[in-house]
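Coordinates as given in target11.pdb (PDB, C-alpha atoms):
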ATOM      1  CA  MET G   1       0.000   0.000   0.000  1.00  0.00           C
ATOM      2  CA  GLU G   2       1.237   3.485  -0.876  1.00  0.00           C
ATOM      3  CA  ASN G   3       1.896   6.154   1.702  1.00  0.00           C
ATOM      4  CA  PRO G   4      -1.280   8.373   2.048  1.00  0.00           C
ATOM      5  CA  SER G   5       0.866  11.506   2.066  1.00  0.00           C
ATOM      6  CA  ASP G   6       2.277  10.566  -1.409  1.00  0.00           C
ATOM      7  CA  VAL G   7      -1.246  10.201  -2.782  1.00  0.00           C
ATOM      8  CA  SER G   8      -2.402  13.565  -1.381  1.00  0.00           C
ATOM      9  CA  ALA G   9       0.697  15.223  -2.852  1.00  0.00           C
ATOM     10  CA  ALA G  10      -0.249  13.873  -6.314  1.00  0.00           C
ATOM     11  CA  ILE G  11      -3.826  15.287  -6.201  1.00  0.00           C
ATOM     12  CA  PRO G  12      -2.956  18.885  -7.243  1.00  0.00           C
ATOM     13  CA  PHE G  13      -0.864  17.579 -10.111  1.00  0.00           C
ATOM     14  CA  LEU G  14      -3.688  15.282 -11.288  1.00  0.00           C
ATOM     15  CA  LEU G  15      -6.184  18.161 -11.025  1.00  0.00           C
ATOM     16  CA  PHE G  16      -3.883  20.371 -13.101  1.00  0.00           C
ATOM     17  CA  LEU G  17      -3.491  17.601 -15.672  1.00  0.00           C
ATOM     18  CA  GLY G  18      -7.291  17.210 -15.827  1.00  0.00           C
ATOM     19  CA  LEU G  19      -7.784  20.950 -16.339  1.00  0.00           C
ATOM     20  CA  VAL G  20      -5.215  21.013 -19.163  1.00  0.00           C
ATOM     21  CA  LEU G  21      -6.983  18.079 -20.824  1.00  0.00           C
ATOM     22  CA  VAL G  22     -10.396  19.774 -20.539  1.00  0.00           C
ATOM     23  CA  PHE G  23      -8.942  22.979 -21.996  1.00  0.00           C
ATOM     24  CA  PHE G  24      -7.509  21.199 -25.063  1.00  0.00           C
ATOM     25  CA  VAL G  25     -10.734  19.223 -25.642  1.00  0.00           C
ATOM     26  CA  ALA G  26     -12.784  22.459 -25.442  1.00  0.00           C
ATOM     27  CA  VAL G  27     -10.468  24.275 -27.879  1.00  0.00           C
ATOM     28  CA  SER G  28     -10.509  21.448 -30.440  1.00  0.00           C
ATOM     29  CA  TRP G  29     -14.323  21.092 -30.106  1.00  0.00           C
ATOM     30  CA  ARG G  30     -14.750  24.821 -30.752  1.00  0.00           C
ATOM     31  CA  ARG G  31     -12.456  24.669 -33.801  1.00  0.00           C
ATOM     32  CA  HIS G  32     -14.399  21.677 -35.119  1.00  0.00           C
ATOM     33  CA  ASN G  33     -17.766  23.487 -34.667  1.00  0.00           C
ATOM     34  CA  THR G  34     -16.449  26.651 -36.328  1.00  0.00           C
ATOM     35  CA  LYS G  35     -15.329  24.608 -39.353  1.00  0.00           C
ATOM     36  CA  LEU G  36     -18.744  22.911 -39.548  1.00  0.00           C
ATOM     37  CA  GLU G  37     -20.575  26.245 -39.313  1.00  0.00           C
ATOM     38  CA  LEU G  38     -18.394  27.684 -42.059  1.00  0.00           C
ATOM     39  CA  ALA G  39     -18.986  24.637 -44.295  1.00  0.00           C
ATOM     40  CA  HIS G  40     -22.762  24.932 -43.738  1.00  0.00           C
ATOM     41  CA  ARG G  41     -22.691  28.629 -44.573  1.00  0.00           C
ATOM     42  CA  VAL G  42     -20.715  28.009 -47.784  1.00  0.00           C
ATOM     43  CA  ALA G  43     -23.130  25.191 -48.738  1.00  0.00           C
ATOM     44  CA  GLN G  44     -26.132  27.446 -48.127  1.00  0.00           C
ATOM     45  CA  ASP G  45     -24.624  30.256 -50.201  1.00  0.00           C
ATOM     46  CA  ARG G  46     -24.000  27.816 -53.063  1.00  0.00           C
ATOM     47  CA  ALA G  47     -27.536  26.454 -52.844  1.00  0.00           C
ATOM     48  CA  GLU G  48     -28.949  29.976 -52.935  1.00  0.00           C
ATOM     49  CA  ALA G  49     -26.832  30.836 -55.989  1.00  0.00           C
ATOM     50  CA  LEU G  50     -28.018  27.678 -57.764  1.00  0.00           C
ATOM     51  CA  LEU G  51     -31.668  28.508 -57.010  1.00  0.00           C
ATOM     52  CA  LYS G  52     -31.152  31.886 -58.698  1.00  0.00           C
ATOM     53  CA  VAL G  53     -29.743  30.106 -61.762  1.00  0.00           C
ATOM     54  CA  VAL G  54     -32.535  27.538 -62.070  1.00  0.00           C
ATOM     55  CA  LEU G  55     -35.591  29.585 -61.038  1.00  0.00           C
ATOM     56  CA  THR G  56     -36.946  32.496 -63.027  1.00  0.00           C
ATOM     57  CA  PRO G  57     -36.609  35.896 -61.264  1.00  0.00           C
ATOM     58  CA  GLU G  58     -40.399  35.794 -60.649  1.00  0.00           C
ATOM     59  CA  GLU G  59     -40.235  32.328 -59.050  1.00  0.00           C
ATOM     60  CA  TYR G  60     -37.278  33.340 -56.878  1.00  0.00           C
ATOM     61  CA  ALA G  61     -38.998  36.558 -55.734  1.00  0.00           C
ATOM     62  CA  SER G  62     -42.211  34.657 -54.994  1.00  0.00           C
ATOM     63  CA  LEU G  63     -40.286  32.095 -52.921  1.00  0.00           C
ATOM     64  CA  GLY G  64     -38.784  34.943 -50.875  1.00  0.00           C
ATOM     65  CA  GLU G  65     -42.140  36.659 -50.328  1.00  0.00           C
ATOM     66  CA  ARG G  66     -44.346  33.658 -49.593  1.00  0.00           C
ATOM     67  CA  GLY G  67     -41.834  31.272 -48.059  1.00  0.00           C
ATOM     68  CA  TYR G  68     -42.776  28.539 -50.515  1.00  0.00           C
ATOM     69  CA  LEU G  69     -42.316  27.763 -54.204  1.00  0.00           C
ATOM     70  CA  GLU G  70     -45.345  26.964 -56.331  1.00  0.00           C
ATOM     71  CA  VAL G  71     -44.676  24.098 -58.737  1.00  0.00           C
ATOM     72  CA  PRO G  72     -47.513  23.317 -61.168  1.00  0.00           C
ATOM     73  CA  SER G  73     -48.292  19.629 -61.631  1.00  0.00           C
ATOM     74  CA  PRO G  74     -47.227  18.393 -65.071  1.00  0.00           C
ATOM     75  CA  SER G  75     -50.112  15.894 -65.128  1.00  0.00           C
ATOM     76  CA  GLN G  76     -53.021  17.747 -63.433  1.00  0.00           C
ATOM     77  CA  PRO G  77     -53.661  21.316 -64.657  1.00  0.00           C
ATOM     78  CA  THR G  78     -55.669  22.175 -61.503  1.00  0.00           C
ATOM     79  CA  ARG G  79     -52.969  20.943 -59.098  1.00  0.00           C
ATOM     80  CA  THR G  80     -50.071  22.982 -57.679  1.00  0.00           C
ATOM     81  CA  TYR G  81     -47.445  21.857 -55.172  1.00  0.00           C
ATOM     82  CA  CYS G  82     -46.329  24.419 -52.572  1.00  0.00           C
ATOM     83  CA  VAL G  83     -42.761  23.561 -51.542  1.00  0.00           C
ATOM     84  CA  PRO G  84     -41.696  25.305 -48.302  1.00  0.00           C
ATOM     85  CA  ARG G  85     -38.258  26.887 -48.095  1.00  0.00           C
ATOM     86  CA  GLY G  86     -37.692  25.598 -44.575  1.00  0.00           C
ATOM     87  CA  ARG G  87     -39.030  22.640 -42.647  1.00  0.00           C
ATOM     88  CA  GLY G  88     -42.561  21.478 -43.266  1.00  0.00           C
ATOM     89  CA  ARG G  89     -44.651  19.386 -45.562  1.00  0.00           C
ATOM     90  CA  VAL G  90     -45.337  20.098 -49.213  1.00  0.00           C
ATOM     91  CA  ALA G  91     -48.915  21.357 -49.574  1.00  0.00           C
ATOM     92  CA  VAL G  92     -50.960  20.158 -52.544  1.00  0.00           C
ATOM     93  CA  GLN G  93     -53.449  22.671 -53.930  1.00  0.00           C
ATOM     94  CA  GLU G  94     -56.389  21.735 -56.125  1.00  0.00           C
ATOM     95  CA  ASN G  95     -58.179  24.692 -57.693  1.00  0.00           C
ATOM     96  CA  GLY G  96     -56.504  27.043 -55.198  1.00  0.00           C
ATOM     97  CA  LEU G  97     -57.418  25.057 -52.055  1.00  0.00           C
ATOM     98  CA  ILE G  98     -54.998  22.917 -50.045  1.00  0.00           C
ATOM     99  CA  VAL G  99     -56.373  19.384 -50.101  1.00  0.00           C
ATOM    100  CA  GLU G 100     -53.379  17.306 -49.096  1.00  0.00           C
ATOM    101  CA  SER G 101     -49.904  17.525 -47.576  1.00  0.00           C
ATOM    102  CA  LEU G 102     -46.896  15.407 -48.485  1.00  0.00           C
ATOM    103  CA  CYS G 103     -44.102  14.287 -46.209  1.00  0.00           C
ATOM    104  CA  VAL G 104     -41.131  13.594 -48.456  1.00  0.00           C
ATOM    105  CA  ALA G 105     -37.491  14.689 -48.374  1.00  0.00           C
ATOM    106  CA  PRO G 106     -34.064  13.932 -49.856  1.00  0.00           C
ATOM    107  CA  VAL G 107     -32.419  10.964 -48.105  1.00  0.00           C
ATOM    108  CA  GLU G 108     -29.321  13.005 -47.262  1.00  0.00           C
ATOM    109  CA  TRP G 109     -28.989  16.428 -45.630  1.00  0.00           C
ATOM    110  CA  LEU G 110     -28.969  19.268 -48.171  1.00  0.00           C
ATOM    111  CA  PRO G 111     -28.922  23.036 -47.671  1.00  0.00           C
ATOM    112  CA  PRO G 112     -32.517  24.435 -47.662  1.00  0.00           C
ATOM    113  CA  GLY G 113     -32.204  25.938 -51.169  1.00  0.00           C
ATOM    114  CA  ASP G 114     -31.135  22.590 -52.612  1.00  0.00           C
ATOM    115  CA  VAL G 115     -34.065  20.876 -50.861  1.00  0.00           C
ATOM    116  CA  VAL G 116     -36.483  23.256 -52.628  1.00  0.00           C
ATOM    117  CA  LEU G 117     -34.726  22.540 -55.923  1.00  0.00           C
ATOM    118  CA  THR G 118     -34.873  18.762 -55.379  1.00  0.00           C
ATOM    119  CA  HIS G 119     -38.662  18.919 -54.853  1.00  0.00           C
ATOM    120  CA  LYS G 120     -39.124  21.095 -57.937  1.00  0.00           C
ATOM    121  CA  LEU G 121     -37.043  18.823 -60.186  1.00  0.00           C
ATOM    122  CA  MET G 122     -38.717  15.647 -58.910  1.00  0.00           C
ATOM    123  CA  ILE G 123     -42.217  17.081 -59.398  1.00  0.00           C
ATOM    124  CA  GLU G 124     -41.496  18.392 -62.883  1.00  0.00           C
ATOM    125  CA  GLY G 125     -39.340  15.513 -64.073  1.00  0.00           C
ATOM    126  CA  ASP G 126     -40.890  12.475 -62.387  1.00  0.00           C
ATOM    127  CA  GLU G 127     -44.082  13.357 -60.535  1.00  0.00           C
ATOM    128  CA  GLN G 128     -45.280   9.748 -60.224  1.00  0.00           C
ATOM    129  CA  GLU G 129     -42.014   8.598 -58.639  1.00  0.00           C
ATOM    130  CA  TYR G 130     -42.140  11.592 -56.281  1.00  0.00           C
ATOM    131  CA  LEU G 131     -45.695  10.777 -55.180  1.00  0.00           C
ATOM    132  CA  ARG G 132     -44.852   7.086 -54.854  1.00  0.00           C
ATOM    133  CA  HIS G 133     -42.244   7.912 -52.184  1.00  0.00           C
ATOM    134  CA  ALA G 134     -44.284  10.572 -50.352  1.00  0.00           C
ATOM    135  CA  ASN G 135     -46.373   9.901 -47.267  1.00  0.00           C
ATOM    136  CA  ARG G 136     -49.666  11.557 -48.150  1.00  0.00           C
ATOM    137  CA  TYR G 137     -52.016  13.192 -45.647  1.00  0.00           C
ATOM    138  CA  ARG G 138     -55.422  14.103 -47.031  1.00  0.00           C
ATOM    139  CA  LEU G 139     -57.038  17.109 -45.338  1.00  0.00           C
ATOM    140  CA  LYS G 140     -60.598  16.522 -44.101  1.00  0.00           C
ATOM    141  CA  VAL G 141     -61.517  20.100 -44.953  1.00  0.00           C
ATOM    142  CA  PRO G 142     -59.721  21.873 -47.842  1.00  0.00           C
ATOM    143  CA  THR G 143     -58.177  25.170 -46.723  1.00  0.00           C
ATOM    144  CA  ARG G 144     -56.946  28.340 -48.345  1.00  0.00           C
ATOM    145  CA  PRO G 145     -53.128  28.643 -48.519  1.00  0.00           C
ATOM    146  CA  THR G 146     -51.571  31.025 -46.000  1.00  0.00           C
ATOM    147  CA  ALA G 147     -48.242  29.623 -44.795  1.00  0.00           C
ATOM    148  CA  PRO G 148     -46.458  26.334 -45.445  1.00  0.00           C
ATOM    149  CA  VAL G 149     -48.115  23.315 -43.811  1.00  0.00           C
ATOM    150  CA  SER G 150     -46.056  22.205 -40.809  1.00  0.00           C
TER     151      SER G 150
ATOM    152  CA  MET R   1     -20.095  25.179 -71.760  1.00  0.00           C
ATOM    153  CA  ALA R   2     -22.078  22.236 -70.425  1.00  0.00           C
ATOM    154  CA  VAL R   3     -22.332  21.738 -66.691  1.00  0.00           C
ATOM    155  CA  LEU R   4     -23.126  18.803 -64.429  1.00  0.00           C
ATOM    156  CA  ARG R   5     -23.980  19.627 -60.809  1.00  0.00           C
ATOM    157  CA  ILE R   6     -24.172  17.145 -57.964  1.00  0.00           C
ATOM    158  CA  LEU R   7     -26.177  18.236 -54.915  1.00  0.00           C
ATOM    159  CA  SER R   8     -24.776  17.191 -51.541  1.00  0.00           C
ATOM    160  CA  ASN R   9     -24.363  18.457 -47.979  1.00  0.00           C
ATOM    161  CA  LEU R  10     -21.566  20.710 -49.291  1.00  0.00           C
ATOM    162  CA  GLY R  11     -23.842  22.494 -51.735  1.00  0.00           C
ATOM    163  CA  ASP R  12     -23.436  21.650 -55.411  1.00  0.00           C
ATOM    164  CA  THR R  13     -20.237  20.328 -56.945  1.00  0.00           C
ATOM    165  CA  LYS R  14     -19.789  21.442 -60.544  1.00  0.00           C
ATOM    166  CA  TYR R  15     -18.166  19.645 -63.516  1.00  0.00           C
ATOM    167  CA  GLU R  16     -17.883  21.568 -66.771  1.00  0.00           C
ATOM    168  CA  TRP R  17     -16.877  20.742 -70.336  1.00  0.00           C
ATOM    169  CA  ASP R  18     -16.904  22.538 -73.641  1.00  0.00           C
ATOM    170  CA  VAL R  19     -19.302  20.776 -76.051  1.00  0.00           C
ATOM    171  CA  SER R  20     -17.839  22.393 -79.179  1.00  0.00           C
ATOM    172  CA  ARG R  21     -14.269  21.358 -78.188  1.00  0.00           C
ATOM    173  CA  VAL R  22     -15.458  17.814 -77.512  1.00  0.00           C
ATOM    174  CA  GLN R  23     -16.886  17.748 -81.049  1.00  0.00           C
ATOM    175  CA  GLN R  24     -13.526  18.964 -82.393  1.00  0.00           C
ATOM    176  CA  GLY R  25     -11.801  16.086 -80.542  1.00  0.00           C
ATOM    177  CA  ASP R  26      -9.843  18.268 -78.100  1.00  0.00           C
ATOM    178  CA  ALA R  27      -8.141  15.791 -75.723  1.00  0.00           C
ATOM    179  CA  LEU R  28      -8.696  17.830 -72.541  1.00  0.00           C
ATOM    180  CA  ALA R  29     -12.351  18.425 -73.331  1.00  0.00           C
ATOM    181  CA  VAL R  30     -12.865  14.727 -74.158  1.00  0.00           C
ATOM    182  CA  ALA R  31     -11.215  13.763 -70.842  1.00  0.00           C
ATOM    183  CA  ALA R  32     -13.489  16.216 -68.992  1.00  0.00           C
ATOM    184  CA  VAL R  33     -16.639  14.799 -70.570  1.00  0.00           C
ATOM    185  CA  ARG R  34     -15.504  11.219 -69.804  1.00  0.00           C
ATOM    186  CA  GLU R  35     -14.971  12.187 -66.175  1.00  0.00           C
ATOM    187  CA  ALA R  36     -18.454  13.750 -66.075  1.00  0.00           C
ATOM    188  CA  GLU R  37     -19.891  10.549 -67.572  1.00  0.00           C
ATOM    189  CA  ARG R  38     -18.110   8.441 -64.932  1.00  0.00           C
ATOM    190  CA  ILE R  39     -19.463  10.642 -62.126  1.00  0.00           C
ATOM    191  CA  PHE R  40     -22.946  10.511 -63.641  1.00  0.00           C
ATOM    192  CA  ALA R  41     -22.861   6.681 -63.655  1.00  0.00           C
ATOM    193  CA  GLN R  42     -21.460   6.556 -60.119  1.00  0.00           C
ATOM    194  CA  GLN R  43     -24.224   8.828 -58.795  1.00  0.00           C
ATOM    195  CA  ARG R  44     -26.955   6.922 -60.626  1.00  0.00           C
ATOM    196  CA  SER R  45     -25.689   3.638 -59.158  1.00  0.00           C
ATOM    197  CA  LYS R  46     -26.179   5.190 -55.697  1.00  0.00           C
ATOM    198  CA  GLY R  47     -29.832   5.912 -56.518  1.00  0.00           C
ATOM    199  CA  ALA R  48     -29.428   9.621 -57.316  1.00  0.00           C
ATOM    200  CA  ILE R  49     -31.661  11.068 -60.042  1.00  0.00           C
ATOM    201  CA  ALA R  50     -30.538  13.358 -62.878  1.00  0.00           C
ATOM    202  CA  PHE R  51     -32.519  16.151 -64.527  1.00  0.00           C
ATOM    203  CA  LYS R  52     -31.922  18.443 -67.466  1.00  0.00           C
ATOM    204  CA  VAL R  53     -32.831  21.975 -66.391  1.00  0.00           C
ATOM    205  CA  TRP R  54     -33.532  25.269 -68.137  1.00  0.00           C
ATOM    206  CA  PRO R  55     -34.714  28.478 -66.456  1.00  0.00           C
ATOM    207  CA  GLY R  56     -38.414  29.031 -67.147  1.00  0.00           C
ATOM    208  CA  ARG R  57     -38.986  25.488 -68.431  1.00  0.00           C
ATOM    209  CA  SER R  58     -39.922  22.239 -66.715  1.00  0.00           C
ATOM    210  CA  ALA R  59     -37.092  19.909 -65.791  1.00  0.00           C
ATOM    211  CA  GLU R  60     -36.710  16.650 -67.685  1.00  0.00           C
ATOM    212  CA  ARG R  61     -35.534  13.384 -66.124  1.00  0.00           C
ATOM    213  CA  LEU R  62     -32.325  12.033 -67.631  1.00  0.00           C
ATOM    214  CA  ASP R  63     -31.661   8.296 -67.300  1.00  0.00           C
ATOM    215  CA  SER R  64     -28.480   8.159 -69.359  1.00  0.00           C
ATOM    216  CA  PHE R  65     -25.623  10.625 -69.713  1.00  0.00           C
ATOM    217  CA  ASP R  66     -26.115  13.246 -72.417  1.00  0.00           C
ATOM    218  CA  PRO R  67     -22.869  15.099 -73.264  1.00  0.00           C
ATOM    219  CA  GLN R  68     -24.873  17.651 -75.267  1.00  0.00           C
ATOM    220  CA  ALA R  69     -27.115  18.634 -72.320  1.00  0.00           C
ATOM    221  CA  GLU R  70     -26.205  22.152 -71.250  1.00  0.00           C
ATOM    222  CA  HIS R  71     -27.246  21.945 -67.610  1.00  0.00           C
ATOM    223  CA  VAL R  72     -27.778  18.736 -65.639  1.00  0.00           C
ATOM    224  CA  VAL R  73     -28.502  18.585 -61.904  1.00  0.00           C
ATOM    225  CA  ILE R  74     -28.212  15.330 -59.967  1.00  0.00           C
ATOM    226  CA  VAL R  75     -30.231  15.133 -56.747  1.00  0.00           C
ATOM    227  CA  PRO R  76     -30.270  12.458 -54.034  1.00  0.00           C
ATOM    228  CA  ARG R  77     -33.263  10.108 -54.092  1.00  0.00           C
ATOM    229  CA  VAL R  78     -36.243  11.121 -51.954  1.00  0.00           C
ATOM    230  CA  ALA R  79     -38.080   9.160 -49.283  1.00  0.00           C
ATOM    231  CA  GLY R  80     -41.256   9.608 -47.282  1.00  0.00           C
ATOM    232  CA  GLY R  81     -40.718  11.291 -43.923  1.00  0.00           C
TER     233      GLY R  81
END
Before anything else, please render the file you have as structure tokens.
Amino acid sequence: MENPSDVSAAIPFLLFLGLVLVFFVAVSWRRHNTKLELAHRVAQDRAEALLKVVLTPEEYASLGERGYLEVPSPSQPTRTYCVPRGRGRVAVQENGLIVESLCVAPVEWLPPGDVVLTHKLMIEGDEQEYLRHANRYRLKVPTRPTAPVS
Amino acid sequence: MAVLRILSNLGDTKYEWDVSRVQQGDALAVAAVREAERIFAQQRSKGAIAFKVWPGRSAERLDSFDPQAEHVVIVPRVAGG
């Protein structure tokens, strides 16, 4: 058995060592988070720039004002999909009334602008495949569009 | 210039090639278009979906690589939430 006085003499040293370790972990964690934040910001800027390239100026302005992008159905002239810029379901309008909401998203994380673009391309280019993957929630009472369905 | 964009968590990654130089047989341009074709096939094998896009017009699904397409965007597959 060790001498108790030796053990008590080692305590301040161990505490100091622990504090140094905590300090280095905190610094590296902060650096890691800063890098992630920067990467997210760059990704979001790129996604926004791509939206401006693909959407018409009217579509882009409308997305900014309303918070969602209207994508007409290629198969049903009376149907429009309202794709929210942020979180939330895609609202389906029939003759101007929301009749259904869709829960569907890209399988990997994308910046919000790229999510909007993914919905638009899927609806325009392969609406049936898009609907096949979506979980569909029919509204009991059709409502007028105000904000994206959450 | 033709452009292929791959959407990912980093934003879009862009691959460009000059269609007219490819037609003239320019080695660098041919290499660039071959690389784009390889990336297209790799993404498709992962389940990603490609679309030809034009501003103001509806997108068109693209199941095989088209070196003449001016603007192609590849998106990850979607799933119900």
Checklist entry - When distances are computed from all atoms listed in the file, which of R:Ala69, R:Leu28, R:Val53, R:Gly80 shows the smallest separation from Lys120 in chain G? => result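 Residue with the minimum atom-to-atom distance to Lys120 in chain G: R:Val53.
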Checklist entry - What gap, in Å, lies between CA of Pro111 in chain G and CA of Pro72 in chain G? => result 23.0 Å
Item to check | Spatial neighbours of Gly113 in chain G, max dist 7 Å, all atoms listed in the file, sep filter under 3 positions, as a ChimeraX atom specification | outcome: /G:44,47-48,51,85,116-117
Generate the output file for the selected residues, C-alpha atoms, as a compact mmCIF listing (two decimals), in the frame of the given file.
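File produced: again.txt:
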# COMPACT_ATOMS: atom_id res chain seq x y z
CA GLN G 44 -26.13 27.45 -48.13
CA ALA G 47 -27.54 26.45 -52.84
CA GLU G 48 -28.95 29.98 -52.94
CA LEU G 51 -31.67 28.51 -57.01
CA ARG G 85 -38.26 26.89 -48.10
CA VAL G 116 -36.48 23.26 -52.63
CA LEU G 117 -34.73 22.54 -55.92
Item to check | Residues matched by the PyMOL selection byres ((chain R and resi 7) around 9) as an MDAnalysis selection string | outcome: (chainID G and resid 47 110 114 118) or (chainID R and resid 5:6 8:13 73:76)
Next on the checklist: Starting from the PyMOL selection byres ((chain G) within 6 of (chain R)), expand the selection into actual residues of this file and give them as an MDAnalysis selection string.
Outcome noted: chainID G and resid 43 46:47 54:56 103:107 109:110 121 124:125 133:135
Can you spit out the residues from that selection as an mmCIF file, keeping the file's coordinate frame, using C-alpha atoms?
data_model
loop_
_atom_site.group_PDB
_atom_site.id
_atom_site.type_symbol
_atom_site.label_atom_id
_atom_site.label_comp_id
_atom_site.auth_asym_id
_atom_site.auth_seq_id
_atom_site.Cartn_x
_atom_site.Cartn_y
_atom_site.Cartn_z
ATOM 1 C CA ALA G 43 -23.130 25.191 -48.738
ATOM 2 C CA ARG G 46 -24.000 27.816 -53.063
ATOM 3 C CA ALA G 47 -27.536 26.454 -52.844
ATOM 4 C CA VAL G 54 -32.535 27.538 -62.070
ATOM 5 C CA LEU G 55 -35.591 29.585 -61.038
ATOM 6 C CA THR G 56 -36.946 32.496 -63.027
ATOM 7 C CA CYS G 103 -44.102 14.287 -46.209
ATOM 8 C CA VAL G 104 -41.131 13.594 -48.456
ATOM 9 C CA ALA G 105 -37.491 14.689 -48.374
ATOM 10 C CA PRO G 106 -34.064 13.932 -49.856
ATOM 11 C CA VAL G 107 -32.419 10.964 -48.105
ATOM 12 C CA TRP G 109 -28.989 16.428 -45.630
ATOM 13 C CA LEU G 110 -28.969 19.268 -48.171
ATOM 14 C CA LEU G 121 -37.043 18.823 -60.186
ATOM 15 C CA GLU G 124 -41.496 18.392 -62.883
ATOM 16 C CA GLY G 125 -39.340 15.513 -64.073
ATOM 17 C CA HIS G 133 -42.244 7.912 -52.184
ATOM 18 C CA ALA G 134 -44.284 10.572 -50.352
ATOM 19 C CA ASN G 135 -46.373 9.901 -47.267
#
Next on the checklist: Just to confirm, what's the straight-line distance from CA of Val33 in chain R to CA of Pro67 in chain R in Å (one decimal)?
Outcome noted: 6.8 Å
Checklist entry - Contacts of Leu4 in chain R at 6 Å or less, counting all atoms listed in the file, minus same-chain residues fewer than 2 places along, as a list of chain:residue names? => result R:Lys14, R:Tyr15, R:Val72, R:Val73
Could you dump the residues just selected with C-alpha atoms as an mmCIF file, keeping the file's coordinate frame?
data_model
loop_
_atom_site.group_PDB
_atom_site.id
_atom_site.type_symbol
_atom_site.label_atom_id
_atom_site.label_comp_id
_atom_site.auth_asym_id
_atom_site.auth_seq_id
_atom_site.Cartn_x
_atom_site.Cartn_y
_atom_site.Cartn_z
ATOM 1 C CA LYS R 14 -19.789 21.442 -60.544
ATOM 2 C CA TYR R 15 -18.166 19.645 -63.516
ATOM 3 C CA VAL R 72 -27.778 18.736 -65.639
ATOM 4 C CA VAL R 73 -28.502 18.585 -61.904
#
Item to check | Point-to-point distance in Å for CA of Leu102 in chain G and CA of Arg89 in chain G | outcome: 5.4 Å
Axis-aligned box over every listed atom of range 63-79 of chain G, padded by 6 Å per side: centre and edges in Å to one decimal, as JSON?
{"center_x": -47.2, "center_y": 26.3, "center_z": -56.6, "size_x": 28.9, "size_y": 32.8, "size_z": 29.1}
Next on the checklist: Which residues are near Arg138 in chain G? Cut-off 8 Å, all atoms listed in the file, ignore same chain within fewer than 3 positions. Put them as a list of chain:residue names.
Outcome noted: G:Val99, G:Glu100, G:Ser101
Output file for the selection above: C-alpha atoms, as a compact mmCIF listing (two decimals), keeping the file's coordinate frame:
# COMPACT_ATOMS: atom_id res chain seq x y z
CA VAL G 99 -56.37 19.38 -50.10
CA GLU G 100 -53.38 17.31 -49.10
CA SER G 101 -49.90 17.52 -47.58
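Proximity to Val71 in chain G was assessed for G:Ile123, G:Val22, G:Leu131, G:Leu14 counting only C-alpha atoms; the smallest distance is recorded for G:Ile123.
The residues returned by the PyMOL selection byres ((chain G and resi 139) around 12) for this structure are Ala91, Val92, Gln93, Glu94, Leu97, Ile98, Val99, Glu100, Ser101, Leu102, Arg136, Tyr137, Arg138, Lys140, Val141, Pro142, Thr143, Arg144 and Val149 of chain G.
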Item to check | Pick from G:Glu127, G:Val53, G:Asn95, G:Val115 nearest to Pro145 in chain G, counting only C-alpha atoms | outcome: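 Among the listed residues, the smallest separation from Pro145 in chain G belongs to G:Asn95.
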Next on the checklist: Restricting the calculation to all atoms listed in the file: of R:Val3, R:Glu16, R:Gly47, R:Glu70, which residue gets closest to Ala32 in chain R?
Outcome noted: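 Among the listed residues, the smallest separation from Ala32 in chain R belongs to R:Glu16.
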Subset file as a short mmCIF file (atom, residue, chain, number, x, y, z; two decimals), in the first residue's frame: range 34-47 of chain R, C-alpha atoms:
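Result written to selection16.cif:
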data_model
loop_
_atom_site.label_atom_id
_atom_site.label_comp_id
_atom_site.auth_asym_id
_atom_site.auth_seq_id
_atom_site.Cartn_x
_atom_site.Cartn_y
_atom_site.Cartn_z
CA ARG R 34 -15.50 11.22 -69.80
CA GLU R 35 -14.97 12.19 -66.18
CA ALA R 36 -18.45 13.75 -66.07
CA GLU R 37 -19.89 10.55 -67.57
CA ARG R 38 -18.11 8.44 -64.93
CA ILE R 39 -19.46 10.64 -62.13
CA PHE R 40 -22.95 10.51 -63.64
CA ALA R 41 -22.86 6.68 -63.66
CA GLN R 42 -21.46 6.56 -60.12
CA GLN R 43 -24.22 8.83 -58.79
CA ARG R 44 -26.95 6.92 -60.63
CA SER R 45 -25.69 3.64 -59.16
CA LYS R 46 -26.18 5.19 -55.70
CA GLY R 47 -29.83 5.91 -56.52
#
